Amino acid sequence: MENDKGGRAIATIVLGAFVIGTLDILYAIAFWYPRGVAPDRIFQNIAAGIYGPASFTLGTQTVAIGAALHYFIALCIVLFYWIASRRFDALVRRPIVWGSVYGILVYVVMNYVVIPLSATKRTAFLLSWVVCSVLVHAFLIGVPAALFSRAAMPPSEQPGGAEASPPT
């Protein structure tokens with residue numbers, strides 16, 4: 001039975017990663033496509049974190065690598081929140097508040113730690129992109145990460161779980 005619970009938690013975390021990764025990439029495409037940036041270039045830009053400018057000359061290989069990296073990062077985001085929420089139950093009791101704070105922290109870490117340490121170069125500052133990205137990270141990345149982390153917990157560990165669960 002314990003393996004079923006662990007399997008359910010893993011499946012929920014992976015689903016959460018897929019959801020937030022998809023929401024994030026759809027946002028990026030919706031923002032940049034009208035500005036002349038094709039979706040494959042967005043994924044190549046992600047891969048540029050590893051390959052640098054060469055990413056844009058390697059074709060579909062770096063598109064696929066960029067997509068894989070994007071969803072791997074989404075998995076890390078959900079997994080990290082889930083691990084933290086196992087220690088700090090306030091994270092699952094107030095998923096909207098703490099999830100949105102977490103999303104903003106993710107934005108800060110990605111833009112001021114991960115990207116500067118990568119092989120890519122920072123793009124020019126665009127206020128509309130920054131404002132929208134902070135909001136997206138708060139509510140389409142952080143909050144869903146919190147909600148999926150909460151859903152990945154056994155019912156007995158969820159807020160109100162012990163009282164809400166029928167006796168066995």
# chains A, B, ... in the order shown; residues from 1 in each chain; ligands from 1
>>> residues_around(residues="Ala84 of chain A", least_positions_apart="6", cutoff="12 Å", atoms="only C-alpha atoms", output="PyMOL selection string")
chain A and resi 76-78+90-92+98-99+102+145-146+149-150+153
>>> residues_around(residues="segment 130-136 of chain A", least_positions_apart="3", cutoff="12 Å", atoms="only C-alpha atoms", output="count of residues only")
36
>>> residues_around(residues="Ile13 of chain A", least_positions_apart="4", cutoff="7 Å", atoms="only C-alpha atoms", output="VMD selection string")
chain A and resid 9 17 78 to 79 148 to 149 152
>>> atom_distance(atom1="atom CA of Gln44 of chain A", atom2="atom CA of Phe18 of chain A")
19.0 Å
